[in-house]
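Enquirer: Dropping the structure in here first, questions after.
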Number of protein chains: 4
Amino acid sequence: MKVQSKASVRTDTACLAQRFQQVRSHSVALSAPLSPEDCSAQSMPDASPIKWHLAHTTWFFETFILERFERDFEPHHPAFRVLFNSYYNGVGDRHARPQRGLLTRPSLDEVLSYRRAIDMRVQQVLEQESDASRTSELGTLIELGLQHEQQHQELMLTDVLHLLSCNPMKPAYDAAPRAVRASAPKTQWQAFEAGIVQIGHEGEGFCFDNELPRHRQFVEPYQLASRLVSNGEYLAFIDAGGYRDPSLWLSEGWDWVKREGLAHPLYWQRNDDAPAGWQVFGLNGLLPLDPNAPATHLSYFEADAYARWAGARLPTEAEWEHAASHALRAERNGQASVLKDLFGVCWQWTSSSYAAYPGFQTADGALGEYNGKFMSNQYVLRGSSFATPEGHARVSYRNFFPATARWQFMGVRLARQ
Amino acid sequence: MKVQSKASVRTDTACLAQRFQQVRSHSVALSAPLSPEDCSAQSMPDASPIKWHLAHTTWFFETFILERFERDFEPHHPAFRVLFNSYYNGVGDRHARPQRGLLTRPSLDEVLSYRRAIDMRVQQVLEQESDASRTSELGTLIELGLQHEQQHQELMLTDVLHLLSCNPMKPAYDAAPRAVRASAPKTQWQAFEAGIVQIGHEGEGFCFDNELPRHRQFVEPYQLASRLVSNGEYLAFIDAGGYRDPSLWLSEGWDWVKREGLAHPLYWQRNDDAPAGWQVFGLNGLLPLDPNAPATHLSYFEADAYARWAGARLPTEAEWEHAASHALRAERNGQASVLKDLFGVCWQWTSSSYAAYPGFQTADGALGEYNGKFMSNQYVLRGSSFATPEGHARVSYRNFFPATARWQFMGVRLARQ
Amino acid sequence: MKVQSKASVRTDTACLAQRFQQVRSHSVALSAPLSPEDCSAQSMPDASPIKWHLAHTTWFFETFILERFERDFEPHHPAFRVLFNSYYNGVGDRHARPQRGLLTRPSLDEVLSYRRAIDMRVQQVLEQESDASRTSELGTLIELGLQHEQQHQELMLTDVLHLLSCNPMKPAYDAAPRAVRASAPKTQWQAFEAGIVQIGHEGEGFCFDNELPRHRQFVEPYQLASRLVSNGEYLAFIDAGGYRDPSLWLSEGWDWVKREGLAHPLYWQRNDDAPAGWQVFGLNGLLPLDPNAPATHLSYFEADAYARWAGARLPTEAEWEHAASHALRAERNGQASVLKDLFGVCWQWTSSSYAAYPGFQTADGALGEYNGKFMSNQYVLRGSSFATPEGHARVSYRNFFPATARWQFMGVRLARQ
Amino acid sequence: MKVQSKASVRTDTACLAQRFQQVRSHSVALSAPLSPEDCSAQSMPDASPIKWHLAHTTWFFETFILERFERDFEPHHPAFRVLFNSYYNGVGDRHARPQRGLLTRPSLDEVLSYRRAIDMRVQQVLEQESDASRTSELGTLIELGLQHEQQHQELMLTDVLHLLSCNPMKPAYDAAPRAVRASAPKTQWQAFEAGIVQIGHEGEGFCFDNELPRHRQFVEPYQLASRLVSNGEYLAFIDAGGYRDPSLWLSEGWDWVKREGLAHPLYWQRNDDAPAGWQVFGLNGLLPLDPNAPATHLSYFEADAYARWAGARLPTEAEWEHAASHALRAERNGQASVLKDLFGVCWQWTSSSYAAYPGFQTADGALGEYNGKFMSNQYVLRGSSFATPEGHARVSYRNFFPATARWQFMGVRLARQ
């Protein structure tokens with residue numbers, strides 16, 4: 001991940017310091033409803049303990065900022081350099097990913113104390129740096145660290161949800177209301193003409209390296225659905241035997257469905273006493289399924305099979321971004337756009353394999369290991385979810401997961417020719 | 001797989017009958033150097049026994065042609081319907097793929113006899129059909145069956161090569177000379193301008209469903225290498241520590257390299273007595289590595305890592321097809337093209353994930369299970385190899401394999417911006 | 001495996017030569033009903049291809065006899081030394097066991113030719129050896145090689161049965177009648193008193209090292225069933241829910257039953273049209289289950305669970321051997337013994353873990369790797385089966401398999417206090 | 001597990017209440033050096049979280065005592081009935097063993113509170129029960145619950161040691177001195193004559209069901225080593241290439257050594273700066289290896305290979321028990337016995353597979369699932385370790401683990417003929 005420095009970096013130190021403090025304390029706030037045990041466990045190799053998220057995001061500032069900008073840098077704790085490295089081979093050894101839940105030491109308290117110590121040192125560096133060019137570079141790196149931390153903030157919620165779902169008592173994460181009781185009006189199809197479109201990040205603000213360079217793509221005429229597929233619609237797919245009909249599935253998806261014995265989205269469970277016959281586990285615990293709410297926790301394979309069954313398909317990421325840019329422009333101009341829930345509800349699978357844009361460049365050194373090295377066998381999701389931190393979403397943002405991932409807040413917006 | 005019937009089907013029955021006979025006997029000829037045991041074994045789940053290829057291609061004609069066109073159709077052997085179905089869920093049950101090597105019955109002789117019986121019945125159907133529209137459909141289906149068989153003819157060679165490589169005695173398949181002793185001249189870079197290009201099958205001839213529809217794509221300016229990466233060049237990558245440097249690899253590729261302990265392409269083995277220090281196992285047995293010959297039996301991950309190390313990248317399939325069309329046009333017009341070995345040496349990895357073209361349609365019924373259902377987590381290869389049957393290659397042909405596959409005749413042509 | 005030389009070795013060379021010829025040709029005769037493909041395939045890691053059995057038993061004579069007794073010994077084929085070594089680490093490298101089915105070369109014909117060549121050389125050595133002490137040692141080793149070959153003769157039948165069972169066409173090995181249509185009379189319980197008993201091989205004849213030394217054990221009073229558990233009795237266990245009741249099973253056995261989804265013995269399959277509702281696959285193909293025939297193809301876990309359900313238990317090997325010796329003595333003295341089918345029907349599980357007798361010694365060198373190194377996590381079976389070659393069974397014979405093995409001809413004789 | 005009621009149960013209620021309080025508080029004391037995170041994690045399927053041990057031992061009293069003896073019994077928490085059932089199929093569902101570390105709820109505090117509540121209720125039942133026969137049964141069951149808890153007390157230490165060993169920081173459990181700096185005098189061999197011996201529990205006190213019935217066995221003459229194999233002796237085995245010589249190993253053990261890449265006991269790590277070149281991780285953290293201390297954390301396979309290398313063997317459990325009984329009798333009579341460290345240092349592997357004694361009976365109902373169902377593919381260890389609670393060891397005690405288990409405090413005492 002590399003912040004693109006063609007953006008004019010906010011050099012207003014006070015402002016950055018305040019933003020730093022806000023983002024950093026939000027991570028701690030997310031752990032507030034949880035016990036030390038909750039924060040230490042790892043429910044599967046794809047997920048990480050909350051404590052690990054809290055420490056790793058701090059490690060990021062220590063490694064990429066303090067080590068570079070502090071005179072007489074001393075590590076907070078030598079062992080933390082290895083324990084909280086996620087996957088940066090360029091930085092040195094790292095602790096085996098599936099063993100993160102065994103790190104009962106350092107304790108949650110020690111990790112929180114690590115956070116406070118690093119926060120103070122980053123603030124100090126920020127205050128004391130007087131060289132203008134270094135201040136600019138520092139600002140760039142801090143911004144990168146904050147964006148990185150915001151990515152982990154969403155993962156903290158998806159990972160803890162998965163952990164709590166493994167507990168037969170099905171405990172709620174908290175009681176804050178989150179249900180999006182959309183009314184699920186009839187889907188409308190917004191049409192777009194064929195032509196050369198531009199996608200990729202534009203303008204001065206922050207973006208990740210994989211959103212660049214902005215470039216041209218040709219899209220054939222297409223239509224995009226005005227809203228997300230709802231639970232009720234997905235239930236009709238289930239009831240129509242969707243999980244039992246191989247002709248609806250990609251071959252690999254069908255093998256996966258059979259091997260895992262799947263018959264519904266993650267976190268759904270049948271309950272004859274519930275209104276629609278189903279309950280869904282979420283951050284508020286086990287609740288009746290709301291047929292009007294968007295269907296979520298779907299894999300790429302499920303999204304694709306549903307789309308085929310519905311006589312539609314998933315959009316490409318170019319189609320999604322072109323349409324979303326159009327809708328945002330319309331909004332800015334006070335015009336109506338039929339496209340709803342592009343952001344802030346759930347991520348939307350596209351049919352696009354996650355790949356480099358033409359002319360893609362990675363940063364030098366370990367920071368270059370951010371996004372590029374994951375460009376195989378993953379699919380792009382666009383938009384953002386209710387768990388995405390305020391201000392972190394962008395029209396050019398590219399989220400990506402393997403075709404079987406379901407524990408993120410992932411849903412479907414259909415397209416068709 | 002669906003033959004595109006916009007093509008005018010060759011209705012000359014005599015001509016088709018002759019072609020049928022030629023293609024069908026070529027498969028049997030490929031098995032001639034092999035014993036019944038050789039033809040019955042399966043060396044890995046991805047490969048199939050030769051006997052199975054011989055039977056399955058016959059099953060294809062029995063199922064999709066005889067069952068439809070023969071009056072009073074009777075199966076040659078009821079059990080063969082299940083045993084030799086590859087993956088057509090629409091047709092019924094199928095034998096588990098990794099168990100194909102356990103089918104010691106029917107014997108090779110019985111399978112050859114199955115072939116002769118079905119061949120005679122197909123020829124009879126072809127002679128007796130008098131209805132024009134049915135004759136046209138019949139011709140279309142026979143052509144599809146022959147193209148399908150030609151695909152398996154290449155697999156017969158790659159699969160038997162893998163089987164023989166598992167034998168510590170390293171027996172040769174045959175003694176027919178195949179070595180391509182190219183001189184490996186200095187690579188030249190042919191440049192192409194940005195613009196909208198058209199890719200996908202064009203014209204009247206046969207193509208598979210995944211080559212359609214022909215459509216527009218925008219390509220940024222790019223350059224394509226005049227020739228394939230050679231063994232000598234790939235050896236330099238190995239000697240430079242290519243297999244030990246994680247910064248060159250996709251994350252998933254690096255995990256695979258470490259897990260499998262890989263340090264060279266498939267079928268290479270060190271031998272200090274060999275001229276270049278290496279031997280390579282091939283259809284002619286174990287031979288000294290030829291530094292000028294194109295490097296082959298490389299996975300997508302190796303191709304990608306090599307390209308990164310060489311300061312280049314893999315082409316997209318649109319770039320490859322656009323350049324190859326250009327070269328073919330030039331040739332037809334008697335002009336020189338620097339692009340060599342596009343066809344007939346080895347398949348060339350592209351950076352493109354295997355996906356549907358905009359507007360892609362599958363055929364109805366079981367035949368629709370041909371290509372579309374494999375459109376996930378695979379990468380496209382273009383061109384053809386020395387093992388591709390005469391007349392089977394096309395500029396729009398899309399071959400596809402997972403990123404770790406190495407047993408096909410797969411190599412690398414570089415691209416750059 | 002070490003022949004115990006306290007046995008007086010048959011020094012009659014002519015007699016040994018004849019026995020050699022008989023045993024050796026029986027192996028070839030066993031392969032007669034099979035095609036080259038049948039002889040080359042391996043259906044699971046525990047089983048070996050027929051061709052491998054034919055070659056390995058030959059390798060045994062070449063390695064342990066010719067290499068020692070032939071002047072100017074030359075291997076028949078250098079590669080065979082590795083390919084056909086089963087597990088003798090002391091002899092050198094060996095081919096990976098699960099890859100034996102990939103050895104399509106040497107062909108069956110070449111293996112048969114290997115057999116003929118080695119046979120001739122062994123016969124020659126036998127004729128030419130004049131030194132008395134060497135002749136005695138030679139005789140001992142040839143006898144060991146023949147006993148070893150007889151063990152493989154039984155495995156050839158169990159392994160090919162497993163292979164044929166994997167073929168959906170369920171082909172018969174041959175049509176020779178084998179069904180033991182016992183009348184299954186009411187079980188009688190023969191009682192034995194407490195006391196010190198002697199077990200282990202006694203006398204001059206051949207035995208394996210694991211049958212020695214003959215030694216004392218104390219047995220408490222016990223009773224042994226007069227006959228083997230029948231299919232009908234085992235069916236009652238199934239029908240009573242035996243495979244669904246964890247209280248009947250050892251913990252490890254229950255985990256295995258659930259993991260594998262087991263509900264009946266190996267080779268049984270339900271068929272509502274069959275008389276007893278079941279068919280059983282055997283060397284004669286798929287036949288109706290005979291309720292009077294002894295139940296076979298049972299694992300230790302199934303044998304143990306059945307015994308618990310039946311209010312009995314498995315005998316220890318000391319109990320079995322003491323009772324069987326008693327019965328043989330009675331027979332020799334013209335007295336009746338209620339104990340039936342001790343030999344020649346199916347092997348009988350005992351509750352005894354396979355372990356060394358007190359004072360057990362292995363042979364020096366590679367031959368010492370015969371039996372001792374398998375003395376962990378296996379259970380002893382006693383008696384012999386219909387597939388055990390004539391003259392190979394003994395009252396002190398210890399067969400042994402892991403608790404989940406089912407593909408041998410294994411059944412149950414009950415004991416109780 | 002079944003307390004043998006032929007033992008006269010201590011009916012002195014006050015005394016039992018006091019013992020109850022002591023044993024129960026010892027478990028809590030063992031968790032005192034640990035954080036809530038430490039108590040919640042599970043480092044491998046074979047080990048359990050400390051919190052789970054604390055809860056499960058409590059569940060045992062709730063299920064087998066309160067449910068039976070309390071009028072108007074109400075479960076403390078309905079979900080705990082499933083969550084903290086270890087393997088008693090007779091009691092109902094249970095939580096999957098490898099998922100125990102995901103039970104972050106209930107918290108450690110809630111589990112401690114569960115303990116206090118159940119303790120109070122058990123004490124109340126004990127005070128209020130007036131019926132003499134019920135008091136006797138109650139006493140029996142409480143004693144069984146306490147013995148069960150003591151078993152878990154040892155597991156708490158072995159399991160937490162394994163967890164801490166997974167942490168790269170290698171934290172110590174506590175600082176209490178535990179090192180047994182034996183002087184490792186020359187081993188002496190105590191000889192025992194052949195004859196019928198009696199083994200199994202004798203007398204009035206408590207024992208587990210698997211120690212019964214006391215019965216006769218015949219042992220051939222044998223000798224037993226006066227002391228345990230020391231680290232220094234085991235180091236000589238390593239230095240002599242013990243882990244690289246297949247002839248020393250059982251076949252299954254050798255496969256395991258190669259598959260796992262083993263070269264030393266669990267918790268040993270090379271460190272050139274340490275006195276003997278090795279460090280050992282233990283409850284006090286990472287310390288230099290003491291050559292005089294007994295070698296421990298050895299699997300059965302390592303114990304067996306070492307014994308073979310040393311020209312000796314492992315004792316059978318009858319040999320061990322007979323010798324130990326002899327030594328205890330000698331001690332009671334004020335006579336010297338050369339046999340040292342029979343108890344209180346580390347458990348000692350025997351060559352005996354864990355099996356039922358002749359006439360073994362399990363208890364009725366769920367309590368009968370205690371020991372019998374594990375009688376396959378495990379080996380018996382005798383004696384006790386420094387971690388065995390005071391008063392829990394017995395000469396007839398049978399501990400048992402699979403042949404690859406190493407995380408217990410397991411060592412070797414040699415035997416020979």
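Ordering of the structure tokens sets the chain letters (A, B, ...), residue numbers begin anew at 1 in every chain, and ligands are numbered from 1 in the order given.
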Chain A near chain B within 6 Å: what's each residue's closest atom pair and its distance in Å to one decimal, counting only C-alpha atoms, ordered by chain then ascending residue number, as CSV?

Expert:
residue,atom,partner,partner_atom,distance
A:Gln217,CA,B:Phe218,CA,5.1
A:Phe218,CA,B:Phe218,CA,5.1
A:Leu250,CA,B:Lys373,CA,4.5
A:Ser251,CA,B:Lys373,CA,5.1
A:Lys373,CA,B:Leu250,CA,4.5
A:Phe374,CA,B:Ser251,CA,5.8
A:Asn377,CA,B:Asn377,CA,4.9

Enquirer: Would you export the selected residues with all heavy atoms as a CSV table (one decimal), in the first residue's frame, please?

Expert:
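Ended up saving to out.csv:
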chain,number,residue,atom,x,y,z
A,217,GLN,N,-11.2,2.0,-19.9
A,217,GLN,CA,-11.7,0.7,-20.3
A,217,GLN,C,-12.9,0.8,-21.2
A,217,GLN,O,-13.7,1.8,-21.1
A,217,GLN,CB,-12.2,-0.1,-19.0
A,217,GLN,CG,-11.0,-0.6,-18.2
A,217,GLN,CD,-11.3,-1.8,-17.3
A,217,GLN,OE1,-12.3,-2.5,-17.6
A,217,GLN,NE2,-10.5,-2.0,-16.3
A,218,PHE,N,-13.2,-0.1,-22.1
A,218,PHE,CA,-14.3,-0.1,-22.9
A,218,PHE,C,-15.4,-1.0,-22.3
A,218,PHE,O,-15.2,-2.1,-21.9
A,218,PHE,CB,-14.0,-0.6,-24.3
A,218,PHE,CG,-15.2,-0.4,-25.3
A,218,PHE,CD1,-15.3,0.8,-26.0
A,218,PHE,CD2,-16.2,-1.3,-25.4
A,218,PHE,CE1,-16.4,1.0,-26.8
A,218,PHE,CE2,-17.3,-1.1,-26.2
A,218,PHE,CZ,-17.4,0.1,-26.9
A,250,LEU,N,-20.9,-22.4,-10.7
A,250,LEU,CA,-19.6,-22.6,-11.3
A,250,LEU,C,-19.1,-24.0,-10.8
A,250,LEU,O,-19.5,-24.4,-9.7
A,250,LEU,CB,-18.6,-21.5,-10.9
A,250,LEU,CG,-18.9,-20.2,-11.6
A,250,LEU,CD1,-18.2,-19.1,-10.8
A,250,LEU,CD2,-18.4,-20.3,-13.0
A,251,SER,N,-18.4,-24.7,-11.6
A,251,SER,CA,-18.0,-26.1,-11.2
A,251,SER,C,-17.3,-26.1,-9.8
A,251,SER,O,-17.6,-27.0,-9.0
A,251,SER,CB,-17.0,-26.6,-12.3
A,251,SER,OG,-16.6,-27.9,-12.0
A,373,LYS,N,0.6,-8.1,-4.0
A,373,LYS,CA,1.0,-9.5,-4.0
A,373,LYS,C,-0.2,-10.4,-3.7
A,373,LYS,O,-0.1,-11.6,-3.7
A,373,LYS,CB,2.1,-9.7,-2.9
A,373,LYS,CG,1.7,-9.6,-1.5
A,373,LYS,CD,3.0,-9.9,-0.7
A,373,LYS,CE,2.7,-10.1,0.8
A,373,LYS,NZ,3.9,-10.3,1.5
A,374,PHE,N,-1.4,-9.8,-3.6
A,374,PHE,CA,-2.6,-10.7,-3.4
A,374,PHE,C,-3.4,-10.8,-4.7
A,374,PHE,O,-4.5,-11.3,-4.7
A,374,PHE,CB,-3.4,-10.1,-2.3
A,374,PHE,CG,-2.7,-10.1,-1.0
A,374,PHE,CD1,-2.3,-8.9,-0.4
A,374,PHE,CD2,-2.4,-11.2,-0.4
A,374,PHE,CE1,-1.6,-8.9,0.8
A,374,PHE,CE2,-1.7,-11.3,0.8
A,374,PHE,CZ,-1.3,-10.1,1.4
A,377,ASN,N,-6.5,-15.2,-7.8
A,377,ASN,CA,-7.6,-16.0,-7.3
A,377,ASN,C,-8.4,-15.3,-6.2
A,377,ASN,O,-8.8,-15.9,-5.2
A,377,ASN,CB,-7.0,-17.3,-6.7
A,377,ASN,CG,-6.3,-18.2,-7.8
A,377,ASN,OD1,-6.8,-18.2,-9.0
A,377,ASN,ND2,-5.3,-18.9,-7.5

Enquirer: Can you pull out every residue within 9 Å of D:Arg100, counting only C-alpha atoms, but drop anything in the same chain fewer than 6 positions away, and send it as JSON, numbers by chain?

Expert: {"D": [40, 41, 42, 45, 48, 49, 52, 83]}

Enquirer: Compare B:Leu66, B:Ala96, B:Leu103, B:Leu367 by their minimum atom-to-atom distance to C:Leu163, counting only C-alpha atoms, and give me the closest one.

Expert: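 Under the stated criterion, the closest residue is B:Leu103.
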
Enquirer: Residues of stretch 59-196 of chain A in strand (DSSP E) according to DSSP, as a list in words?

Expert: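 Result set for stretch 59-196 of chain A (strand (DSSP E)): Trp189, Gln190, Ala191, Phe192, Gly195 and Ile196 of chain A.
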
Enquirer: Pull all heavy atoms from the residues just selected and write them as a short mmCIF file (atom, residue, chain, number, x, y, z; two decimals), in the first residue's frame.

Expert:
data_model
loop_
_atom_site.label_atom_id
_atom_site.label_comp_id
_atom_site.auth_asym_id
_atom_site.auth_seq_id
_atom_site.Cartn_x
_atom_site.Cartn_y
_atom_site.Cartn_z
N TRP A 189 -33.87 -0.97 -13.22
CA TRP A 189 -32.61 -1.22 -13.94
C TRP A 189 -32.14 0.06 -14.60
O TRP A 189 -32.79 0.57 -15.51
CB TRP A 189 -32.81 -2.31 -15.00
CG TRP A 189 -33.12 -3.63 -14.38
CD1 TRP A 189 -34.36 -4.13 -14.12
CD2 TRP A 189 -32.18 -4.59 -13.90
NE1 TRP A 189 -34.26 -5.36 -13.51
CE2 TRP A 189 -32.92 -5.67 -13.37
CE3 TRP A 189 -30.78 -4.67 -13.86
CZ2 TRP A 189 -32.32 -6.79 -12.81
CZ3 TRP A 189 -30.18 -5.79 -13.32
CH2 TRP A 189 -30.95 -6.84 -12.79
N GLN A 190 -31.02 0.59 -14.16
CA GLN A 190 -30.50 1.80 -14.80
C GLN A 190 -29.56 1.40 -15.93
O GLN A 190 -28.62 0.61 -15.75
CB GLN A 190 -29.74 2.66 -13.77
CG GLN A 190 -29.22 3.92 -14.44
CD GLN A 190 -28.81 4.99 -13.46
OE1 GLN A 190 -28.69 4.75 -12.26
NE2 GLN A 190 -28.61 6.20 -13.97
N ALA A 191 -29.83 1.96 -17.11
CA ALA A 191 -29.07 1.58 -18.30
C ALA A 191 -27.90 2.51 -18.55
O ALA A 191 -27.97 3.72 -18.28
CB ALA A 191 -30.01 1.57 -19.51
N PHE A 192 -26.80 1.95 -19.04
CA PHE A 192 -25.62 2.73 -19.41
C PHE A 192 -25.21 2.35 -20.82
O PHE A 192 -25.32 1.17 -21.20
CB PHE A 192 -24.47 2.46 -18.43
CG PHE A 192 -24.79 2.92 -17.04
CD1 PHE A 192 -25.44 2.06 -16.15
CD2 PHE A 192 -24.50 4.21 -16.63
CE1 PHE A 192 -25.78 2.48 -14.87
CE2 PHE A 192 -24.84 4.63 -15.34
CZ PHE A 192 -25.48 3.76 -14.47
N GLY A 195 -19.16 2.39 -24.38
CA GLY A 195 -18.20 3.47 -24.60
C GLY A 195 -16.96 3.30 -23.74
O GLY A 195 -16.86 2.39 -22.92
N ILE A 196 -16.01 4.18 -23.98
CA ILE A 196 -14.80 4.18 -23.17
C ILE A 196 -15.10 4.90 -21.87
O ILE A 196 -15.62 6.02 -21.89
CB ILE A 196 -13.65 4.89 -23.91
CG1 ILE A 196 -13.30 4.11 -25.19
CG2 ILE A 196 -12.43 5.01 -23.02
CD1 ILE A 196 -12.25 4.77 -26.04
#

Enquirer: I'd like to know which residues of stretch 252-346 of chain D are alpha helix (DSSP H) (by DSSP, run on the backbone); could you write them as a PyMOL selection string?

Expert: chain D and resi 252-260+300-309+317-332

Enquirer: Determine, counting only C-alpha atoms, which protein, DNA and RNA residues have an atom within 10 Å of an atom of C:Pro33; residues of the same chain fewer than 4 positions away are not included. Present the result as a count of residues only.

Expert: 7

Enquirer: For stretch 105-112 of chain B, work out the shell of residues within 9 Å, counting only C-alpha atoms and skipping chain neighbours fewer than 2 positions away, then give it as a ChimeraX atom specification.

Expert: /B:28,36-37,39-40,51-52,54-55,80,102-103,114-117 /C:35-38,164,167,169,171

Enquirer: Could you name the residues that touch stretch 141-157 of chain D at 8 Å or less, counting only C-alpha atoms, but leaving out those on the same chain fewer than 5 positions away, as a PyMOL selection string?

Expert: chain D and resi 1-3+20+23-24+27+30+47-50+53+57+60-61+64-65+206+387-389+392+408
